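Pasted below: start10.cif, mmCIF, C-alpha atoms and all ligand atoms.
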data_my_file
loop_
_atom_site.label_atom_id
_atom_site.label_comp_id
_atom_site.auth_asym_id
_atom_site.auth_seq_id
_atom_site.Cartn_x
_atom_site.Cartn_y
_atom_site.Cartn_z
CA MET A 6 -18.50 86.15 -37.02
CA LYS A 7 -18.54 83.29 -34.54
CA LYS A 8 -16.12 83.23 -31.64
CA ILE A 9 -13.42 80.61 -31.54
CA SER A 10 -13.28 77.69 -29.11
CA LEU A 11 -10.08 75.64 -28.88
CA THR A 12 -8.95 72.75 -26.75
CA GLY A 13 -6.50 69.87 -26.83
CA ILE A 14 -6.00 66.53 -25.15
CA LYS A 15 -2.61 65.01 -24.43
CA PRO A 16 -2.39 61.42 -25.65
CA THR A 17 -0.74 60.11 -22.49
CA GLY A 18 -3.27 57.40 -21.70
CA GLU A 19 -6.50 55.74 -22.70
CA LEU A 20 -9.45 58.15 -22.59
CA HIS A 21 -11.62 57.64 -19.51
CA ILE A 22 -15.07 58.83 -18.56
CA GLY A 23 -13.58 61.78 -16.65
CA ASN A 24 -12.05 63.01 -19.92
CA TYR A 25 -15.35 62.41 -21.69
CA PHE A 26 -17.62 64.31 -19.30
CA GLY A 27 -15.00 66.84 -18.18
CA ALA A 28 -13.45 67.71 -21.54
CA ILE A 29 -14.79 66.09 -24.70
CA LYS A 30 -18.55 66.39 -24.22
CA PRO A 31 -18.54 70.05 -23.08
CA ALA A 32 -16.16 70.94 -25.92
CA LEU A 33 -18.44 69.27 -28.46
CA GLU A 34 -21.42 71.17 -27.04
CA LEU A 35 -19.54 74.45 -27.54
CA ALA A 36 -18.83 73.43 -31.14
CA SER A 37 -22.44 74.16 -32.08
CA SER A 38 -22.15 77.85 -31.22
CA TYR A 39 -18.42 78.51 -31.76
CA ASP A 40 -15.91 77.94 -34.53
CA ALA A 41 -14.18 75.00 -32.93
CA ARG A 42 -10.53 73.96 -33.25
CA TYR A 43 -9.77 70.76 -31.38
CA PHE A 44 -6.47 68.93 -31.44
CA ILE A 45 -4.32 66.09 -30.17
CA ALA A 46 -1.48 67.57 -28.08
CA ASP A 47 1.03 64.94 -29.15
CA TYR A 48 4.26 66.86 -28.48
CA HIS A 49 3.02 67.45 -24.93
CA ALA A 50 2.74 63.68 -24.55
CA LEU A 51 6.35 63.21 -25.66
CA ASN A 52 7.44 64.66 -22.31
CA THR A 53 6.30 61.44 -20.65
CA ILE A 54 5.79 58.77 -23.33
CA LYS A 55 9.14 57.65 -24.70
CA ASP A 56 8.03 54.34 -26.26
CA PRO A 57 7.29 54.97 -29.97
CA THR A 58 4.74 52.16 -30.40
CA GLU A 59 2.87 53.30 -27.32
CA LEU A 60 2.86 56.96 -28.39
CA SER A 61 1.54 56.19 -31.90
CA SER A 62 -1.23 54.05 -30.56
CA LEU A 63 -2.22 56.62 -27.92
CA ILE A 64 -2.33 59.36 -30.59
CA ARG A 65 -4.66 57.28 -32.77
CA GLY A 66 -6.73 56.25 -29.74
CA VAL A 67 -7.37 59.81 -28.59
CA ALA A 68 -8.11 60.97 -32.15
CA ALA A 69 -10.57 58.10 -32.67
CA GLY A 70 -12.07 58.92 -29.27
CA TRP A 71 -12.98 62.47 -30.28
CA LEU A 72 -14.56 61.21 -33.50
CA ALA A 73 -16.46 58.39 -31.76
CA ALA A 74 -17.77 60.92 -29.23
CA GLY A 75 -19.33 62.86 -32.11
CA LEU A 76 -16.77 65.37 -33.38
CA ASP A 77 -17.71 66.22 -36.97
CA PRO A 78 -14.50 66.99 -38.89
CA GLU A 79 -16.54 68.93 -41.48
CA LYS A 80 -17.55 71.40 -38.75
CA VAL A 81 -14.59 71.33 -36.35
CA ILE A 82 -10.99 71.87 -37.45
CA PHE A 83 -9.44 68.71 -36.02
CA TYR A 84 -5.69 68.10 -36.18
CA ARG A 85 -2.53 66.95 -34.47
CA GLN A 86 -0.32 69.57 -32.81
CA SER A 87 2.73 67.96 -34.46
CA SER A 88 1.27 68.68 -37.92
CA ILE A 89 1.39 72.42 -37.27
CA PRO A 90 5.07 73.51 -37.29
CA GLU A 91 3.96 77.12 -36.69
CA THR A 92 3.20 76.01 -33.11
CA PHE A 93 6.91 75.61 -32.46
CA GLU A 94 7.84 78.93 -34.04
CA LEU A 95 5.23 80.76 -31.95
CA SER A 96 6.46 78.89 -28.89
CA THR A 97 9.97 80.30 -29.46
CA GLN A 98 8.51 83.77 -29.99
CA LEU A 99 6.52 83.53 -26.75
CA ALA A 100 9.47 82.15 -24.76
CA ALA A 101 11.18 85.53 -25.19
CA PHE A 102 8.26 87.13 -23.32
CA THR A 103 7.91 84.51 -20.58
CA PRO A 104 9.58 85.23 -17.25
CA LYS A 105 11.42 82.20 -15.92
CA GLY A 106 9.77 82.82 -12.54
CA LEU A 107 6.36 82.22 -14.13
CA MET A 108 7.46 78.71 -15.11
CA ASN A 109 8.80 78.10 -11.60
CA ARG A 110 5.26 78.67 -10.34
CA ALA A 111 3.52 76.25 -12.72
CA HIS A 112 1.61 73.56 -10.76
CA ALA A 113 3.00 70.53 -12.61
CA TYR A 114 6.61 71.66 -12.21
CA LYS A 115 6.10 72.66 -8.57
CA ALA A 116 4.53 69.29 -7.82
CA ALA A 117 7.54 67.50 -9.33
CA VAL A 118 9.96 69.64 -7.29
CA GLN A 119 7.98 69.05 -4.11
CA GLU A 120 7.90 65.30 -4.68
CA ASN A 121 11.66 65.31 -5.22
CA GLY A 122 12.08 67.25 -1.97
CA GLU A 123 10.02 64.70 -0.06
CA LYS A 124 12.13 61.88 -1.45
CA GLY A 125 15.38 63.71 -0.71
CA ASN A 126 16.23 63.93 -4.45
CA ASP A 127 17.73 66.82 -6.39
CA PRO A 128 14.82 69.30 -6.89
CA ASP A 129 14.93 68.92 -10.67
CA ALA A 130 15.41 65.15 -10.81
CA GLY A 131 13.35 63.66 -13.62
CA VAL A 132 12.20 67.09 -14.84
CA ASN A 133 12.83 67.60 -18.55
CA MET A 134 12.71 70.99 -20.27
CA GLY A 135 9.50 69.92 -22.02
CA LEU A 136 7.78 69.71 -18.64
CA TYR A 137 9.39 72.93 -17.43
CA THR A 138 8.35 74.99 -20.47
CA TYR A 139 5.00 73.18 -20.89
CA PRO A 140 2.97 76.36 -20.26
CA VAL A 141 4.77 78.18 -23.11
CA LEU A 142 3.96 75.44 -25.62
CA MET A 143 0.38 75.32 -24.39
CA ALA A 144 0.12 79.13 -24.70
CA ALA A 145 1.34 78.76 -28.30
CA ASP A 146 -1.31 76.06 -29.00
CA ILE A 147 -4.00 78.45 -27.82
CA ILE A 148 -2.78 81.80 -29.13
CA LEU A 149 -1.87 80.42 -32.56
CA PHE A 150 -5.55 79.97 -33.46
CA ASP A 151 -6.90 83.30 -32.14
CA SER A 152 -8.86 81.40 -29.49
CA ASP A 153 -11.56 83.26 -27.60
CA VAL A 154 -12.47 80.46 -25.22
CA VAL A 155 -10.64 77.37 -24.05
CA PRO A 156 -12.86 74.70 -22.47
CA VAL A 157 -10.76 72.87 -19.85
CA GLY A 158 -10.94 71.25 -16.44
CA SER A 159 -10.22 73.41 -13.40
CA ASP A 160 -6.68 71.93 -13.22
CA GLN A 161 -5.81 73.76 -16.44
CA VAL A 162 -6.93 77.25 -15.42
CA GLN A 163 -3.44 78.28 -14.33
CA HIS A 164 -2.12 77.45 -17.80
CA ILE A 165 -4.74 79.64 -19.45
CA GLU A 166 -3.89 82.49 -17.08
CA MET A 167 -0.25 82.13 -18.07
CA ALA A 168 -1.24 82.25 -21.76
CA GLN A 169 -3.11 85.49 -21.00
CA ASP A 170 -0.06 86.95 -19.23
CA ILE A 171 2.30 85.99 -22.04
CA ALA A 172 0.05 87.31 -24.84
CA GLY A 173 -0.53 90.46 -22.78
CA ALA A 174 3.22 91.01 -22.43
CA VAL A 175 3.65 90.77 -26.22
CA ASN A 176 0.80 93.20 -26.93
CA TYR A 177 2.05 95.64 -24.28
CA ASN A 178 5.56 95.61 -25.68
CA TYR A 179 4.53 96.28 -29.29
CA LYS A 180 1.67 98.63 -28.28
CA GLN A 181 -0.81 96.80 -30.51
CA GLU A 182 -3.03 93.75 -30.39
CA VAL A 183 -0.67 91.28 -32.02
CA LEU A 184 -2.18 88.30 -30.19
CA LYS A 185 -5.69 87.55 -28.95
CA ILE A 186 -6.10 87.05 -25.20
CA PRO A 187 -7.97 83.77 -24.47
CA GLN A 188 -10.45 82.97 -21.67
CA ALA A 189 -10.93 79.64 -19.87
CA VAL A 190 -14.41 78.10 -19.68
CA ILE A 191 -15.16 75.43 -17.13
CA GLN A 192 -18.37 73.50 -17.09
CA GLN A 193 -19.27 73.69 -13.42
CA ASN A 194 -21.68 70.77 -13.02
CA VAL A 195 -19.18 68.18 -14.27
CA ALA A 196 -16.12 69.79 -12.72
CA VAL A 197 -14.73 66.58 -11.18
CA VAL A 198 -15.77 63.05 -12.16
CA PRO A 199 -14.97 60.67 -9.27
CA GLY A 200 -12.89 57.55 -9.87
CA LEU A 201 -13.34 53.98 -8.59
CA ASP A 202 -11.71 54.87 -5.26
CA GLY A 203 -13.63 58.13 -4.74
CA ARG A 204 -10.70 60.41 -5.60
CA LYS A 205 -10.78 62.40 -8.88
CA MET A 206 -10.78 59.97 -11.78
CA SER A 207 -7.29 60.20 -13.26
CA LYS A 208 -4.93 57.92 -15.07
CA SER A 209 -2.24 58.90 -12.56
CA TYR A 210 -4.34 57.36 -9.76
CA GLY A 211 -5.12 54.17 -11.69
CA ASN A 212 -8.80 54.56 -10.74
CA THR A 213 -10.34 55.11 -14.16
CA ILE A 214 -13.16 53.61 -16.18
CA PRO A 215 -11.78 53.67 -19.75
CA LEU A 216 -14.34 55.26 -22.06
CA PHE A 217 -14.22 52.40 -24.56
CA SER A 218 -14.06 49.49 -22.12
CA PRO A 219 -15.69 46.39 -23.58
CA GLU A 220 -19.02 45.65 -21.90
CA LYS A 221 -17.64 42.92 -19.63
CA GLN A 222 -14.77 45.08 -18.42
CA LEU A 223 -17.12 48.02 -17.87
CA ARG A 224 -19.27 45.86 -15.61
CA LYS A 225 -16.23 44.49 -13.75
CA LEU A 226 -14.85 47.98 -13.12
CA ILE A 227 -18.18 49.28 -11.87
CA MET A 228 -18.42 46.33 -9.48
CA ARG A 229 -14.97 47.34 -8.16
CA ILE A 230 -16.14 50.83 -7.06
CA VAL A 231 -15.15 51.22 -3.42
CA THR A 232 -18.10 51.48 -0.99
CA ASN A 233 -18.46 51.74 2.76
CA SER A 234 -19.78 49.02 5.05
CA GLN A 235 -23.26 50.49 5.63
CA PRO A 236 -25.70 47.57 5.97
CA LEU A 237 -28.33 46.95 3.32
CA GLU A 238 -31.31 48.13 5.41
CA GLU A 239 -29.80 51.50 6.29
CA PRO A 240 -30.98 54.61 4.37
CA LYS A 241 -28.12 56.07 2.31
CA GLU A 242 -27.27 59.60 1.15
CA PRO A 243 -26.99 59.49 -2.66
CA GLU A 244 -24.82 62.61 -3.02
CA GLN A 245 -22.17 61.01 -0.80
CA SER A 246 -21.91 57.91 -2.93
CA GLN A 247 -19.65 57.92 -5.97
CA ILE A 248 -21.89 55.26 -7.55
CA TYR A 249 -24.70 57.81 -7.55
CA LEU A 250 -22.44 60.66 -8.66
CA LEU A 251 -21.38 58.58 -11.66
CA TYR A 252 -24.98 57.48 -12.28
CA LYS A 253 -26.03 61.12 -12.57
CA LEU A 254 -23.74 61.52 -15.57
CA PHE A 255 -25.59 58.84 -17.51
CA ALA A 256 -29.17 58.83 -16.23
CA THR A 257 -32.21 60.96 -17.07
CA ALA A 258 -33.64 63.30 -14.41
CA GLU A 259 -36.42 60.80 -13.60
CA GLU A 260 -33.98 57.93 -13.29
CA GLN A 261 -31.83 60.01 -10.96
CA ALA A 262 -34.79 60.91 -8.77
CA SER A 263 -35.90 57.31 -8.64
CA LEU A 264 -32.49 55.92 -7.63
CA ALA A 265 -32.05 58.72 -5.08
CA ALA A 266 -35.38 57.73 -3.51
CA ARG A 267 -34.26 54.09 -3.30
CA TYR A 268 -31.04 55.18 -1.58
CA ARG A 269 -32.95 57.24 0.98
CA ALA A 270 -35.59 54.57 1.65
CA GLY A 271 -33.01 51.99 2.82
CA GLY A 272 -33.16 48.34 1.86
CA MET A 273 -31.01 48.78 -1.21
CA GLY A 274 -27.47 47.37 -1.23
CA TRP A 275 -24.47 48.76 -3.10
CA GLY A 276 -24.58 45.85 -5.55
CA GLU A 277 -28.01 46.93 -6.80
CA ALA A 278 -26.91 50.53 -7.20
CA LYS A 279 -23.91 49.33 -9.20
CA GLU A 280 -26.19 47.30 -11.50
CA GLU A 281 -28.25 50.44 -12.18
CA LEU A 282 -25.07 52.38 -12.91
CA PHE A 283 -23.82 49.68 -15.27
CA ARG A 284 -27.11 49.67 -17.19
CA ALA A 285 -27.16 53.44 -17.64
CA ALA A 286 -23.45 53.68 -18.49
CA ASN A 287 -23.57 50.85 -20.98
CA ARG A 288 -26.62 52.35 -22.68
CA GLU A 289 -24.72 55.59 -23.37
CA LEU A 290 -21.31 54.06 -24.04
CA SER A 291 -22.24 51.12 -26.32
CA PRO A 292 -22.76 53.19 -29.48
CA LEU A 293 -19.55 55.16 -28.77
CA ARG A 294 -17.62 51.94 -28.32
CA GLU A 295 -18.89 50.61 -31.64
CA ARG A 296 -17.92 53.76 -33.51
CA TYR A 297 -14.52 53.77 -31.80
CA GLU A 298 -13.80 50.21 -32.87
CA ALA A 299 -14.79 50.96 -36.47
CA ILE A 300 -12.54 54.05 -36.60
CA MET A 301 -9.58 52.21 -35.05
CA ALA A 302 -10.02 49.46 -37.65
CA ASP A 303 -9.39 52.02 -40.42
CA PRO A 304 -6.15 53.88 -39.54
CA VAL A 305 -5.72 55.15 -43.11
CA GLY A 306 -9.11 56.86 -42.97
CA LEU A 307 -8.29 58.32 -39.56
CA ASP A 308 -4.94 59.69 -40.72
CA ARG A 309 -6.67 61.25 -43.73
CA ILE A 310 -9.15 63.07 -41.51
CA LEU A 311 -6.28 64.43 -39.39
CA ALA A 312 -4.30 65.49 -42.47
CA GLU A 313 -7.32 67.35 -43.86
CA GLY A 314 -7.73 69.11 -40.51
CA ALA A 315 -4.06 70.14 -40.48
CA ALA A 316 -4.42 71.58 -44.00
CA LYS A 317 -7.28 73.80 -42.76
CA ALA A 318 -5.42 74.78 -39.59
CA ARG A 319 -2.06 75.77 -41.05
CA PRO A 320 -3.05 78.97 -42.87
CA ILE A 321 -4.63 80.30 -39.65
CA ALA A 322 -1.48 79.42 -37.71
CA ALA A 323 0.76 80.97 -40.37
CA ALA A 324 -1.14 84.26 -40.15
CA THR A 325 -0.54 84.52 -36.38
CA VAL A 326 3.17 83.77 -36.66
CA LYS A 327 3.39 86.32 -39.47
CA ARG A 328 1.74 88.99 -37.31
CA PHE A 329 4.33 88.38 -34.64
CA ARG A 330 7.22 88.37 -37.12
CA LYS A 331 6.08 91.72 -38.52
CA ALA A 332 5.45 93.36 -35.15
CA SER A 333 8.76 92.18 -33.72
CA GLY A 334 11.12 93.26 -36.48
CA ILE A 335 12.10 89.71 -37.36
CA ASP A 336 10.51 90.29 -40.78
CA LEU A 337 12.73 92.95 -42.29
P1 LIG B 1 -5.74 62.54 -16.30
O1 LIG B 1 -6.06 63.24 -14.99
O2 LIG B 1 -6.39 61.21 -16.36
O3 LIG B 1 -4.26 62.51 -16.57
P2 LIG B 1 -5.76 64.62 -18.28
O4 LIG B 1 -5.01 65.50 -17.35
O5 LIG B 1 -5.07 64.10 -19.48
O6 LIG B 1 -6.40 63.40 -17.45
O7 LIG B 1 -7.09 65.39 -18.70
C1 LIG B 1 -7.55 65.66 -20.01
C2 LIG B 1 -8.80 66.50 -19.88
O8 LIG B 1 -9.84 65.80 -19.17
C3 LIG B 1 -8.59 67.81 -19.10
O9 LIG B 1 -9.39 68.84 -19.67
C4 LIG B 1 -9.06 67.48 -17.70
O10 LIG B 1 -9.46 68.60 -16.98
C5 LIG B 1 -10.23 66.52 -18.00
N1 LIG B 1 -10.39 65.57 -16.90
C6 LIG B 1 -9.53 64.61 -16.53
N2 LIG B 1 -9.98 63.92 -15.47
C7 LIG B 1 -11.17 64.46 -15.14
C8 LIG B 1 -12.14 64.19 -14.12
N3 LIG B 1 -11.98 63.21 -13.24
N4 LIG B 1 -13.25 64.97 -14.09
C9 LIG B 1 -13.43 65.95 -14.98
N5 LIG B 1 -12.56 66.26 -15.96
C10 LIG B 1 -11.43 65.53 -16.05
N1 LIG B 2 -2.46 70.77 -20.84
C1 LIG B 2 -3.70 70.18 -21.25
C2 LIG B 2 -4.01 68.98 -20.33
O1 LIG B 2 -3.11 68.48 -19.70
C3 LIG B 2 -3.65 69.72 -22.69
C4 LIG B 2 -3.42 70.86 -23.63
C5 LIG B 2 -2.28 71.13 -24.35
C6 LIG B 2 -4.33 71.92 -23.92
N2 LIG B 2 -2.45 72.26 -25.07
C7 LIG B 2 -3.68 72.77 -24.84
C8 LIG B 2 -5.64 72.18 -23.48
C9 LIG B 2 -4.31 73.92 -25.32
C10 LIG B 2 -6.26 73.34 -23.97
C11 LIG B 2 -5.61 74.19 -24.88
O2 LIG B 2 -5.13 68.56 -20.25
#

Turn the structure described in the file into structure tokens.
Ligand code: ADP
Ligand code: TRP
Amino acid sequence: MKKISLTGIKPTGELHIGNYFGAIKPALELASSYDARYFIADYHALNTIKDPTELSSLIRGVAAGWLAAGLDPEKVIFYRQSSIPETFELSTQLAAFTPKGLMNRAHAYKAAVQENGEKGNDPDAGVNMGLYTYPVLMAADIILFDSDVVPVGSDQVQHIEMAQDIAGAVNYNYKQEVLKIPQAVIQQNVAVVPGLDGRKMSKSYGNTIPLFSPEKQLRKLIMRIVTNSQPLEEPKEPEQSQIYLLYKLFATAEEQASLAARYRAGGMGWGEAKEELFRAANRELSPLRERYEAIMADPVGLDRILAEGAAKARPIAAATVKRFRKASGIDL
């Protein structure tokens, strides 16, 4: 039997190339050797997105993004979190085994509290219970499907460790393996995709290149990448340039070696390097963009794919919840 790989993406913004190289592509690679279960974490997005039109369109956009990037719904169980009510039952079950102190230590919550402190606000200002208990819901997402591995970015490792702790506490209490303990997998070579300003590409920094940018916008964004004032003649170190770091994601080994040599030789300006990056990025992204547009033009077809995925996912989810109900004495 194949091991199980599971991951989810929160539909809180347009997918960008950091999400693609850091999350979607590695997850799709794992799907060839694992039984994959990939989903849209839409109730996680509700914590921040309160506009209904925006939330619906982000849910469809992220779903279409996975499919455009090559997810095959015949091979991968692909669904929306909100279509699996067992998630919310397991989340309640797990909450009973989650120390409050564990939630106090979660990075996202701590960051919110710290920011409030710096602004002189009440520590919990703007913090809803969805954000506070986020790690419990995420643990439920993972544990529900008997996940062996969870491909995520390094920022999510703490959440996986919490899922391990919570599942471990359940198993320890009932002296049996009620729940499977998951492991995080992080693809090291694409750990952090840099954004236009050199910081990590993230929608919260507003420095992203959206994955499905039309060609013109893609070019414009690449031309906006921040560079230093080194003169044209000066030799440049490729690994210290985010243009080159982004180029490496799209270019073949020979292309990388050739651009690196041009950097080191001097005489090449940033504009030329950006043109090379645009060419390589557009070559890889054009077919994705076309597929994305076709999927978005057929929302009925998209919703059908997601409904079929949910129908495959629910019996697996029901079995996990049932195991817990039996072990705990809730089932009489
Ligand atoms: P954002 O930082 O834009 O809000 P999310 O937190 O929604 O992105 O990330 C969704 C997934 O994409 C996660 O697995 C995350 O680790 C990955 N990811 C996001 N940004 C990057 C990046 N710049 N480099 C690599 N992976 C990333
Ligand atoms: N918290 C993840 C993120 O912000 C999204 C997510 C929700 C997730 N549930 C998950 C990822 C379960 C992996 C497994 O990126």

How close does chain A get to ligand LIG 2 (chain B)? List, as CSV, each residue of chain A within 7 Å, its nearest atom pair and the distance in Å to one decimal, counting only C-alpha atoms and all ligand atoms.
residue,atom,partner,partner_atom,distance
A:Leu11,CA,B:LIG2,C11,6.2
A:Thr12,CA,B:LIG2,C10,3.9
A:Gly13,CA,B:LIG2,C8,4.2
A:Ile14,CA,B:LIG2,C3,4.7
A:Lys15,CA,B:LIG2,C3,5.1
A:Ala46,CA,B:LIG2,C5,5.2
A:His49,CA,B:LIG2,C5,6.5
A:Met143,CA,B:LIG2,N2,4.2
A:Ala144,CA,B:LIG2,C9,6.9
A:Asp146,CA,B:LIG2,C9,5.2
A:Ile147,CA,B:LIG2,C9,5.2
A:Val155,CA,B:LIG2,C10,6.0
A:Pro156,CA,B:LIG2,C10,6.9
A:Val157,CA,B:LIG2,C10,6.1
A:Gln161,CA,B:LIG2,N1,6.3

(request) Do a neighbour search on Asn121 of chain A at 10 Å with only C-alpha atoms, toss out local chain neighbours closer than 5 positions, and write the hits as a PyMOL selection string. (result) chain A and resi 115-116+126-132

So that I can see what lies close to Ala270 of chain A, please list as a PDB file with C-alpha atoms, keeping the file's coordinate frame the residues with an atom at most 9 Å from it, counting all atoms listed in the file and leaving out residues fewer than 4 positions away in the same chain.
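File written: part14.pdb
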ATOM      1  CA  GLU A 238     -31.310  48.130   5.410  1.00  0.00           C
ATOM      2  CA  GLU A 239     -29.800  51.500   6.290  1.00  0.00           C
ATOM      3  CA  PRO A 240     -30.980  54.610   4.370  1.00  0.00           C
ATOM      4  CA  LYS A 241     -28.120  56.070   2.310  1.00  0.00           C
ATOM      5  CA  ALA A 265     -32.050  58.720  -5.080  1.00  0.00           C
ATOM      6  CA  ALA A 266     -35.380  57.730  -3.510  1.00  0.00           C
TER       7      ALA A 266
END

(message) as a VMD selection string, please: every protein or nucleic acid residue near ligand LIG 1 (chain B) (cut-off 8 Å, counting all atoms listed in the file).
(response) chain A and resid 13 to 18 20 to 29 156 to 161 195 to 200 205 to 210 213

(message) Using only C-alpha atoms, can you tell me which of A:Lys8, A:Arg319, A:Lys80, A:Arg42 comes closest to Thr92 of chain A?
(response) A:Arg319

(message) Between atom CA of Gly314 of chain A and atom CA of Tyr84 of chain A, what distance in Å does the model show, to one decimal?
(response) 4.9 Å

(request) Find the spatial neighbours of Lys279 of chain A, counting only C-alpha atoms, within a cut-off of 7 Å - ignore same-chain residues fewer than 3 positions away - and output them as a PyMOL selection string. (result) chain A and resi 227-228+248+275-276+282-283

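Ranking A:Ala36, A:Ile186, A:Ala73, A:Val231 by their shortest atom-to-atom distance to Ala174 of chain A, with all atoms listed in the file included, puts A:Ile186 first.
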
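Near Leu33 of chain A, within a cut-off of 10 Å and counting all atoms listed in the file, sit the residues Ser10, Tyr39, Ala41, Tyr43, Trp71, Ala74, Gly75, Leu76, Asp77, Val81 and Pro156 of chain A, with same-chain residues fewer than 6 positions away left out.
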
Residue selection dump (C-alpha atoms) as a PDB file, keeping the file's coordinate frame:
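Now in result_18.pdb:
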ATOM      1  CA  SER A  10     -13.280  77.690 -29.110  1.00  0.00           C
ATOM      2  CA  TYR A  39     -18.420  78.510 -31.760  1.00  0.00           C
ATOM      3  CA  ALA A  41     -14.180  75.000 -32.930  1.00  0.00           C
ATOM      4  CA  TYR A  43      -9.770  70.760 -31.380  1.00  0.00           C
ATOM      5  CA  TRP A  71     -12.980  62.470 -30.280  1.00  0.00           C
ATOM      6  CA  ALA A  74     -17.770  60.920 -29.230  1.00  0.00           C
ATOM      7  CA  GLY A  75     -19.330  62.860 -32.110  1.00  0.00           C
ATOM      8  CA  LEU A  76     -16.770  65.370 -33.380  1.00  0.00           C
ATOM      9  CA  ASP A  77     -17.710  66.220 -36.970  1.00  0.00           C
ATOM     10  CA  VAL A  81     -14.590  71.330 -36.350  1.00  0.00           C
ATOM     11  CA  PRO A 156     -12.860  74.700 -22.470  1.00  0.00           C
TER      12      PRO A 156
END

(request) Would you kindly return, as a ChimeraX atom specification, each protein, DNA or RNA residue with an atom no farther than 7 Å from any atom of segment 162-168 of chain A, considering only C-alpha atoms and excluding same-chain residues fewer than 4 positions away? (result) /A:140,144,172,188-189

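The closest residue to Ser218 of chain A, picked from A:Ile191, A:Ala286, A:Met108, A:Leu251 and counting all atoms listed in the file, is A:Ala286.
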
(request) Find the residue from A:Gln181, A:Gln193, A:Asn109, A:Asn287 that sits nearest to Arg224 of chain A; use all atoms listed in the file when measuring. (result) A:Asn287

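Pairwise distance (atom CA of Ile214 of chain A, atom CA of Arg296 of chain A) equals 18.0 Å.
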
Enclosing box along x, y and z for every listed atom of segment 60-79 of chain A, padded 3 Å each side, centre and size in Å, one decimal, as JSON:
{"center_x": -8.2, "center_y": 61.5, "center_z": -34.7, "size_x": 28.2, "size_y": 20.9, "size_z": 19.6}

(request) Kindly indicate which residue among A:Val190, A:Leu254, A:Leu142, A:Leu201 lies nearest to Ala32 of chain A, using all atoms listed in the file for the distances. (result) A:Val190

(request) Using all atoms listed in the file, collect all residues at a distance of at most 9 Å from (-24.5, 83.8, -36.0) as written in the file, then present them as a list in words. (result) Met6, Lys7 and Ser38 of chain A
